[in-house]
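Data file: target-v7.cif. Format and content: mmCIF, C-alpha atoms.
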data_target
loop_
_atom_site.label_atom_id
_atom_site.label_comp_id
_atom_site.auth_asym_id
_atom_site.auth_seq_id
_atom_site.Cartn_x
_atom_site.Cartn_y
_atom_site.Cartn_z
CA MET M 27 170.91 66.25 68.56
CA SER M 28 168.21 66.26 65.89
CA GLY M 29 165.75 69.13 65.50
CA LEU M 30 162.96 67.29 67.27
CA ASP M 31 165.18 66.26 70.19
CA ALA M 32 166.38 69.84 70.59
CA PHE M 33 162.79 71.08 70.51
CA LEU M 34 161.65 68.55 73.11
CA ALA M 35 164.65 69.32 75.33
CA MET M 36 163.60 73.02 75.53
CA GLY M 37 167.18 74.06 76.24
CA GLY M 38 167.27 71.97 79.39
CA TYR M 39 163.97 73.35 80.73
CA ALA M 40 161.80 70.50 79.40
CA VAL M 41 160.72 69.37 82.88
CA PHE M 42 159.26 72.84 83.52
CA VAL M 43 157.97 73.92 80.10
CA TRP M 44 156.10 70.75 79.11
CA PRO M 45 154.30 70.24 82.43
CA ALA M 46 153.13 73.89 82.24
CA TYR M 47 151.59 73.25 78.80
CA ALA M 48 150.23 69.88 79.96
CA VAL M 49 148.47 71.51 82.94
CA ALA M 50 147.01 74.12 80.57
CA LEU M 51 145.66 71.33 78.37
CA ILE M 52 144.23 69.41 81.34
CA VAL M 53 142.60 72.43 83.04
CA LEU M 54 141.21 74.16 79.92
CA GLY M 55 140.39 70.87 78.15
CA GLY M 56 138.74 69.61 81.33
CA LEU M 57 136.60 72.76 81.69
CA THR M 58 135.58 72.45 78.03
CA ALA M 59 134.68 68.74 78.26
CA TRP M 60 132.78 69.29 81.52
CA SER M 61 130.81 72.28 80.18
CA LEU M 62 130.00 70.56 76.87
CA GLY M 63 128.99 67.33 78.63
CA GLY M 64 126.56 69.17 80.92
CA TYR M 65 125.14 71.08 77.96
CA ARG M 66 124.50 67.92 75.92
CA ARG M 67 122.94 66.10 78.91
CA ALA M 68 120.60 69.02 79.64
CA ARG M 69 119.52 69.25 75.99
CA ARG M 70 118.80 65.51 75.79
CA ARG M 71 116.79 65.63 79.03
CA LEU M 72 114.73 68.57 77.76
CA GLU M 73 114.02 66.82 74.46
CA ARG M 74 112.87 63.70 76.30
CA LEU M 75 110.56 65.76 78.50
CA GLN M 76 109.13 67.62 75.53
CA ARG M 77 108.30 64.33 73.85
CA THR M 78 106.56 62.85 76.90
CA VAL M 79 104.88 65.90 78.44
CA PRO M 80 101.90 67.13 76.43
CA GLY M 81 101.83 70.87 75.80
CA ALA M 82 105.58 71.38 76.36
CA ARG M 83 107.01 73.45 73.56
CA ARG M 84 110.52 74.46 72.60
CA PRO M 85 112.05 77.26 74.73
CA MET A 81 120.57 95.88 78.76
CA GLN A 82 117.03 94.93 79.63
CA ARG A 83 116.61 93.45 76.17
CA PHE A 84 119.47 91.00 76.66
CA ALA A 85 118.12 90.01 80.06
CA ASN A 86 115.24 88.23 78.35
CA PRO A 87 116.16 84.51 78.54
CA ALA A 88 114.40 83.58 75.27
CA ARG A 89 116.24 86.33 73.43
CA PHE A 90 119.51 85.26 75.07
CA MET A 91 118.98 81.69 73.83
CA ARG A 92 118.48 82.95 70.26
CA LEU A 93 121.41 85.39 70.34
CA SER A 94 123.83 82.97 71.99
CA ALA A 95 122.93 80.20 69.52
CA ALA A 96 123.88 82.55 66.68
CA VAL A 97 127.13 83.75 68.29
CA LEU A 98 128.35 80.45 69.73
CA PRO A 99 129.74 78.75 66.56
CA TRP A 100 131.76 81.89 65.69
CA CYS A 101 133.19 82.14 69.21
CA ALA A 102 134.11 78.45 69.22
CA GLY A 103 135.73 78.67 65.77
CA ALA A 104 137.70 81.80 66.66
CA THR A 105 138.87 80.14 69.91
CA VAL A 106 140.25 77.09 68.09
CA LEU A 107 141.95 79.26 65.44
CA LEU A 108 143.51 81.71 67.92
CA LEU A 109 144.76 78.98 70.26
CA ALA A 110 146.25 77.02 67.35
CA VAL A 111 148.06 80.09 65.98
CA GLY A 112 149.03 81.21 69.49
CA LEU A 113 150.50 77.80 70.38
CA TYR A 114 152.43 77.66 67.12
CA LEU A 115 153.89 81.14 67.70
CA ALA A 116 154.61 80.44 71.38
CA LEU A 117 156.40 77.12 70.82
CA PHE A 118 158.05 77.54 67.39
CA VAL A 119 158.32 81.20 66.41
CA ALA A 120 158.95 83.23 69.59
CA PRO A 121 162.70 83.44 70.34
CA PRO A 122 164.24 82.10 73.56
CA ASP A 123 164.87 84.82 76.14
CA TYR A 124 168.45 86.03 76.45
CA GLN A 125 168.35 85.45 80.21
CA GLN A 126 165.70 82.77 80.68
CA GLY A 127 166.37 80.67 77.58
CA GLU A 128 163.50 78.37 76.54
CA ALA A 129 161.88 78.55 80.00
CA VAL A 130 160.32 81.85 78.91
CA ARG A 131 157.78 79.83 76.88
CA ILE A 132 155.93 79.18 80.14
CA MET A 133 154.99 82.88 79.97
CA PHE A 134 152.60 82.24 77.05
CA VAL A 135 150.47 80.06 79.33
CA HIS A 136 151.07 81.78 82.65
CA VAL A 137 150.45 85.43 81.77
CA PRO A 138 147.18 84.93 79.81
CA ALA A 139 145.93 82.67 82.63
CA ALA A 140 146.81 85.36 85.18
CA TRP A 141 145.03 88.07 83.17
CA MET A 142 141.96 85.82 82.82
CA ALA A 143 141.97 85.05 86.56
CA SER A 144 141.43 88.76 87.31
CA PHE A 145 139.25 89.52 84.27
CA VAL A 146 136.82 86.68 85.02
CA TYR A 147 136.59 87.80 88.65
CA ALA A 148 135.79 91.37 87.51
CA SER A 149 133.04 89.94 85.25
CA LEU A 150 131.74 87.81 88.12
CA ALA A 151 131.61 90.85 90.41
CA LEU A 152 129.95 93.02 87.74
CA SER A 153 127.27 90.36 87.11
CA SER A 154 126.76 90.07 90.86
CA ALA A 155 126.28 93.84 91.17
CA ILE A 156 123.73 93.79 88.31
CA ALA A 157 121.97 90.84 89.95
CA LEU A 158 121.78 92.60 93.33
CA ILE A 159 120.72 96.02 92.03
CA TRP A 160 118.46 95.28 89.04
CA ARG A 161 117.56 91.62 89.72
CA HIS A 162 118.22 90.73 86.10
CA PRO A 163 117.34 87.05 85.66
CA LEU A 164 120.47 86.37 83.61
CA ALA A 165 122.97 88.14 85.87
CA ASP A 166 123.04 85.47 88.60
CA ILE A 167 123.26 82.76 85.94
CA ALA A 168 126.19 84.58 84.30
CA ALA A 169 128.02 84.96 87.61
CA GLN A 170 127.51 81.33 88.60
CA SER A 171 128.52 80.12 85.13
CA ALA A 172 131.72 82.19 85.21
CA ALA A 173 132.94 81.09 88.66
CA PRO A 174 134.32 77.59 87.83
CA LEU A 175 135.98 79.00 84.70
CA GLY A 176 137.70 81.70 86.74
CA ALA A 177 138.81 79.14 89.31
CA GLY A 178 140.30 77.04 86.49
CA PHE A 179 142.27 79.98 85.04
CA THR A 180 143.53 80.90 88.53
CA LEU A 181 144.64 77.33 89.21
CA LEU A 182 146.45 77.28 85.86
CA CYS A 183 148.11 80.61 86.73
CA LEU A 184 149.31 79.28 90.10
CA VAL A 185 150.63 75.94 88.78
CA SER A 186 152.34 77.39 85.70
CA GLY A 187 153.80 80.17 87.84
CA SER A 188 155.19 77.58 90.22
CA LEU A 189 156.75 75.68 87.30
CA TRP A 190 158.29 78.94 86.10
CA GLY A 191 159.45 80.02 89.57
CA GLU A 192 161.50 76.92 90.33
CA PRO A 193 164.02 77.30 87.44
CA MET A 194 164.07 81.14 87.52
CA TRP A 195 163.82 82.05 91.21
CA GLY A 196 164.98 78.75 92.66
CA THR A 197 161.70 78.16 94.50
CA TRP A 198 158.27 76.70 93.68
CA TRP A 199 156.46 79.05 96.05
CA VAL A 200 157.06 82.07 98.22
CA TRP A 201 154.57 83.86 100.48
CA ASP A 202 154.99 87.26 98.91
CA ALA A 203 152.28 89.75 98.04
CA ARG A 204 151.63 88.78 94.41
CA LEU A 205 151.55 85.03 94.91
CA THR A 206 149.54 85.20 98.12
CA SER A 207 146.93 87.60 96.70
CA VAL A 208 146.41 85.31 93.69
CA LEU A 209 146.02 82.33 96.04
CA VAL A 210 143.39 84.39 97.91
CA LEU A 211 141.66 84.98 94.54
CA PHE A 212 141.53 81.20 94.00
CA PHE A 213 139.94 80.74 97.44
CA LEU A 214 137.46 83.55 96.70
CA TYR A 215 136.29 81.61 93.63
CA LEU A 216 135.98 78.39 95.66
CA GLY A 217 134.22 80.25 98.50
CA TYR A 218 131.76 81.81 96.05
CA ILE A 219 130.94 78.42 94.50
CA ALA A 220 130.50 76.79 97.93
CA LEU A 221 128.36 79.66 99.28
CA VAL A 222 126.01 79.70 96.27
CA HIS A 223 125.25 76.01 96.81
CA ALA A 224 125.05 76.19 100.62
CA PHE A 225 121.38 77.24 100.77
CA ASP A 226 118.23 75.18 100.18
CA GLU A 227 116.72 78.18 98.41
CA PRO A 228 118.75 78.99 95.27
CA VAL A 229 117.73 82.68 95.46
CA ARG A 230 119.33 83.09 98.91
CA GLY A 231 122.49 81.30 97.77
CA ALA A 232 122.75 83.61 94.77
CA ARG A 233 122.36 86.72 96.97
CA ALA A 234 124.94 85.56 99.50
CA GLY A 235 127.36 84.65 96.71
CA ALA A 236 126.85 88.02 95.00
CA ILE A 237 127.68 89.87 98.22
CA LEU A 238 130.84 87.77 98.72
CA ALA A 239 131.84 88.43 95.09
CA LEU A 240 131.50 92.21 95.60
CA VAL A 241 133.47 92.21 98.86
CA GLY A 242 136.22 90.21 97.12
CA VAL A 243 136.71 92.94 94.50
CA VAL A 244 139.08 94.64 96.94
CA ASN A 245 141.55 91.85 96.12
CA LEU A 246 141.83 92.86 92.44
CA PRO A 247 143.80 96.13 92.89
CA ILE A 248 145.90 94.36 95.51
CA ILE A 249 146.87 91.74 92.91
CA LYS A 250 147.54 94.36 90.23
CA PHE A 251 149.67 96.69 92.36
CA SER A 252 151.21 94.11 94.71
CA VAL A 253 154.40 94.11 92.62
CA ASP A 254 154.73 97.90 93.08
CA TRP A 255 153.62 98.23 96.71
CA TRP A 256 155.70 95.47 98.23
CA ASN A 257 159.10 93.91 97.66
CA THR A 258 158.44 90.73 95.78
CA LEU A 259 160.20 88.10 93.72
CA HIS A 260 157.55 88.60 91.05
CA GLN A 261 158.51 90.97 88.26
CA PRO A 262 156.48 94.16 87.70
CA ALA A 263 154.12 94.63 84.75
CA SER A 264 155.81 94.64 81.33
CA VAL A 265 152.76 94.89 79.05
CA PHE A 266 149.99 96.98 80.70
CA ARG A 267 152.16 99.77 82.10
CA ILE A 268 152.44 103.55 81.80
CA GLY A 269 154.87 104.25 78.94
CA GLY A 270 153.92 101.16 76.94
CA PRO A 271 155.12 97.56 76.92
CA THR A 272 158.79 96.84 77.58
CA ILE A 273 158.55 93.31 76.17
CA ALA A 274 159.95 92.63 72.66
CA ALA A 275 157.40 92.51 69.83
CA SER A 276 158.47 88.96 68.90
CA MET A 277 157.20 87.85 72.32
CA LEU A 278 154.37 90.36 72.69
CA TRP A 279 152.44 89.14 69.63
CA PRO A 280 152.31 85.46 70.61
CA LEU A 281 151.35 86.57 74.12
CA LEU A 282 148.49 88.78 72.92
CA ILE A 283 147.16 86.10 70.55
CA MET A 284 147.22 83.51 73.34
CA ALA A 285 145.47 85.99 75.64
CA LEU A 286 142.78 86.65 73.03
CA GLY A 287 142.38 82.87 72.57
CA PHE A 288 141.94 82.42 76.34
CA THR A 289 139.39 85.25 76.39
CA LEU A 290 137.33 83.74 73.57
CA LEU A 291 137.54 80.31 75.21
CA PHE A 292 136.07 81.94 78.33
CA VAL A 293 133.27 83.60 76.34
CA THR A 294 132.47 80.34 74.51
CA LEU A 295 132.33 78.27 77.70
CA LEU A 296 130.40 81.00 79.53
CA LEU A 297 127.71 81.00 76.82
CA ILE A 298 127.53 77.19 76.87
CA ARG A 299 127.21 77.12 80.68
CA MET A 300 124.56 79.87 80.70
CA ARG A 301 122.54 78.02 78.05
CA THR A 302 122.85 74.85 80.15
CA ALA A 303 121.54 76.69 83.23
CA LEU A 304 118.57 78.10 81.29
CA ILE A 305 117.72 74.66 79.88
CA ALA A 306 117.90 73.23 83.40
CA ALA A 307 115.47 75.93 84.60
CA LYS A 308 113.11 75.04 81.75
CA ILE A 309 113.31 71.35 82.73
CA ARG A 310 112.46 72.21 86.36
CA ALA A 311 109.46 74.27 85.21
CA LEU A 312 108.21 71.44 82.98
CA ARG A 313 108.53 68.87 85.79
CA MET A 314 106.69 71.20 88.17
CA ALA A 315 103.87 71.63 85.66
CA GLU A 316 103.72 67.87 85.22
CA VAL A 317 103.41 67.30 88.99
CA GLU A 318 100.67 69.94 89.24
CA ARG A 319 98.74 68.39 86.36
CA ALA A 320 99.00 64.95 87.95
CA ALA A 321 97.76 66.31 91.28
CA GLU A 322 94.85 68.08 89.57
CA SER A 323 93.69 65.00 87.68
CA ALA A 324 94.00 62.90 90.86
CA MET A 325 91.77 65.41 92.63
CA LEU A 326 89.22 65.34 89.79
CA ARG A 327 89.12 61.52 89.91
CA HIS A 328 88.69 61.67 93.67
CA ARG A 329 85.77 64.09 93.29
CA ALA A 330 84.15 61.98 90.59
CA ALA A 331 84.42 58.91 92.80
CA SER A 332 82.84 60.52 95.86
#

Output the file's structure in the form of structure tokens.
Amino acid sequence: MSGLDAFLAMGGYAVFVWPAYAVALIVLGGLTAWSLGGYRRARRRLERLQRTVPGARRP
Amino acid sequence: MQRFANPARFMRLSAAVLPWCAGATVLLLAVGLYLALFVAPPDYQQGEAVRIMFVHVPAAWMASFVYASLALSSAIALIWRHPLADIAAQSAAPLGAGFTLLCLVSGSLWGEPMWGTWWVWDARLTSVLVLFFLYLGYIALVHAFDEPVRGARAGAILALVGVVNLPIIKFSVDWWNTLHQPASVFRIGGPTIAASMLWPLLIMALGFTLLFVTLLLIRMRTALIAAKIRALRMAEVERAAESAMLRHRAAS
């Protein structure tokens, strides 16, 4: 078995170790993408409002 | 404390801190993952399955830590009515729920090869499941009212009542017979875990903590921007109503 195969096999525990890391990536990556997406949307909306509404300044 | 409760000051401070938090998060998680997957040795009993620990244990610590922060913010919101405290609590809740879910799923994936079962209704596992439902209950309750202020108050009270669950989680492995192992890092007499595993674990935990701080700041900034948008829209509606009234008067 080559080095990479041995690493991926995780000593026979591959079906437990890799899903655990995959779930970590999905949950934490998902929270990050969701939070960043909401942040960008809110900032764009505020900028649009500040352009159209007279007298609206930066926060 | 009062100084940081000023939303404008918070926006300035958080804008300055945010890039550093984000950078440190990426660095710590990259180093932590490298150490966890390539450098830490396999366990003499568990073999390579022990690598699940580097995800599971930091997630479990965060699950409790984020709840403690949520409860503290709720207490500050109830007692001093700080404008940022409710926003902090509500911004933290989905993050805590995510860490708790990760703790439960990774624990299940660790339990099957080591204990021979995905799940068991013992004290530790059940109390963490209750923690997950507390997060979901808090989120649902906050959004269950037409008036946001009432939702925030109800949520804050639920968050404080739920604090009783935290010592139960911590000491469940000592108070009851459980499949779950007792603490091996935060214990009287020092850690019993080998340094070659402790360091990757601590770096991963620090990475998770900074990820939480980064996302919390981003979510709080988002909430403050949303409040600003609501205020601007309200002002716009009022101005429109005023000018309509003036036109009406001029016409009559």

Open item on the list: Using Å and a single decimal, report how far atom CA of His136 of chain A sits from atom CA of Leu296 of chain A.
Closed with: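 Separating atom CA of Leu296 of chain A from atom CA of His136 of chain A is a distance of 20.9 Å.
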
TODO: Fewer than 5 positions away in the same chain doesn't count, so skip those; otherwise give me all residues within 8 Å of segment 219-231 of chain A, counting all atoms listed in the file, as number ranges by chain.
DONE: A: 170, 173-174

Task: Answer key for the PyMOL selection byres ((chain A) within 6 of (chain M)), residues as a VMD selection string - done: chain A and resid 128 to 129 132 186 189 302 309

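Residues captured in this structure file are Val135, His136, Val137, Pro138, Ala140, Trp141, Met142, Ala143, Phe179, Thr180, Leu182 and Cys183 of chain A, according to the PyMOL selection byres ((chain A and resi 139) around 7).
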
Prev. selection, C-alpha atoms, output as an mmCIF file, keeping the file's coordinate frame:
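So again.cif came out as:
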data_model
loop_
_atom_site.group_PDB
_atom_site.id
_atom_site.type_symbol
_atom_site.label_atom_id
_atom_site.label_comp_id
_atom_site.auth_asym_id
_atom_site.auth_seq_id
_atom_site.Cartn_x
_atom_site.Cartn_y
_atom_site.Cartn_z
ATOM 1 C CA VAL A 135 150.470 80.060 79.330
ATOM 2 C CA HIS A 136 151.070 81.780 82.650
ATOM 3 C CA VAL A 137 150.450 85.430 81.770
ATOM 4 C CA PRO A 138 147.180 84.930 79.810
ATOM 5 C CA ALA A 140 146.810 85.360 85.180
ATOM 6 C CA TRP A 141 145.030 88.070 83.170
ATOM 7 C CA MET A 142 141.960 85.820 82.820
ATOM 8 C CA ALA A 143 141.970 85.050 86.560
ATOM 9 C CA PHE A 179 142.270 79.980 85.040
ATOM 10 C CA THR A 180 143.530 80.900 88.530
ATOM 11 C CA LEU A 182 146.450 77.280 85.860
ATOM 12 C CA CYS A 183 148.110 80.610 86.730
#

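Proximity to Ala285 of chain A was assessed for A:Ala324, A:Pro271, A:Val265, A:Trp256 counting all atoms listed in the file; the smallest distance is recorded for A:Val265.
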
Task: Between atom CA of Leu164 of chain A and atom CA of Cys101 of chain A - distance in Å to one decimal - done: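 Atom CA of Leu164 of chain A lies 19.7 Å from atom CA of Cys101 of chain A.
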
Task: Chain and number of each residue from the PyMOL selection byres ((chain A and resi 193-206) around 9), as a list in words - done: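 So the PyMOL selection byres ((chain A and resi 193-206) around 9), applied here, picks out Tyr39 and Phe42 of chain M; Gln126, Ala129, Leu184, Gly187, Ser188, Leu189, Trp190, Gly191, Glu192, Ser207, Val208, Leu209, Val210, Leu211, Ile248, Ile249, Lys250, Phe251, Ser252, Val253, Trp255, Trp256, Asn257, Thr258, Leu259 and His260 of chain A.
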
Open item on the list: Please compute the atom CA of Trp160 of chain A-atom CA of Val244 of chain A distance, one decimal, in Å.
Closed with: 22.1 Å

Task: Surrounding residues of Leu107 of chain A excluding itself and chain neighbours under 3 positions, 12 Å, all atoms listed in the file, as a ChimeraX atom specification - done: /A:100-104,110-114,283-284,286-288,290-291

Go ahead and write the residues just picked, C-alpha atoms, as a PDB file, in the frame of the given file.
ATOM      1  CA  TRP A 100     131.760  81.890  65.690  1.00  0.00           C
ATOM      2  CA  CYS A 101     133.190  82.140  69.210  1.00  0.00           C
ATOM      3  CA  ALA A 102     134.110  78.450  69.220  1.00  0.00           C
ATOM      4  CA  GLY A 103     135.730  78.670  65.770  1.00  0.00           C
ATOM      5  CA  ALA A 104     137.700  81.800  66.660  1.00  0.00           C
ATOM      6  CA  ALA A 110     146.250  77.020  67.350  1.00  0.00           C
ATOM      7  CA  VAL A 111     148.060  80.090  65.980  1.00  0.00           C
ATOM      8  CA  GLY A 112     149.030  81.210  69.490  1.00  0.00           C
ATOM      9  CA  LEU A 113     150.500  77.800  70.380  1.00  0.00           C
ATOM     10  CA  TYR A 114     152.430  77.660  67.120  1.00  0.00           C
ATOM     11  CA  ILE A 283     147.160  86.100  70.550  1.00  0.00           C
ATOM     12  CA  MET A 284     147.220  83.510  73.340  1.00  0.00           C
ATOM     13  CA  LEU A 286     142.780  86.650  73.030  1.00  0.00           C
ATOM     14  CA  GLY A 287     142.380  82.870  72.570  1.00  0.00           C
ATOM     15  CA  PHE A 288     141.940  82.420  76.340  1.00  0.00           C
ATOM     16  CA  LEU A 290     137.330  83.740  73.570  1.00  0.00           C
ATOM     17  CA  LEU A 291     137.540  80.310  75.210  1.00  0.00           C
TER      18      LEU A 291
END

- [ ] Kindly indicate which residue among A:Ala177, A:Ala155, A:Val106, A:Ala172 lies nearest to Leu295 of chain A, using all atoms listed in the file for the distances.
- [x]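 Going through A:Ala177, A:Ala155, A:Val106, A:Ala172 one by one, the smallest distance to Leu295 of chain A is for A:Ala172.
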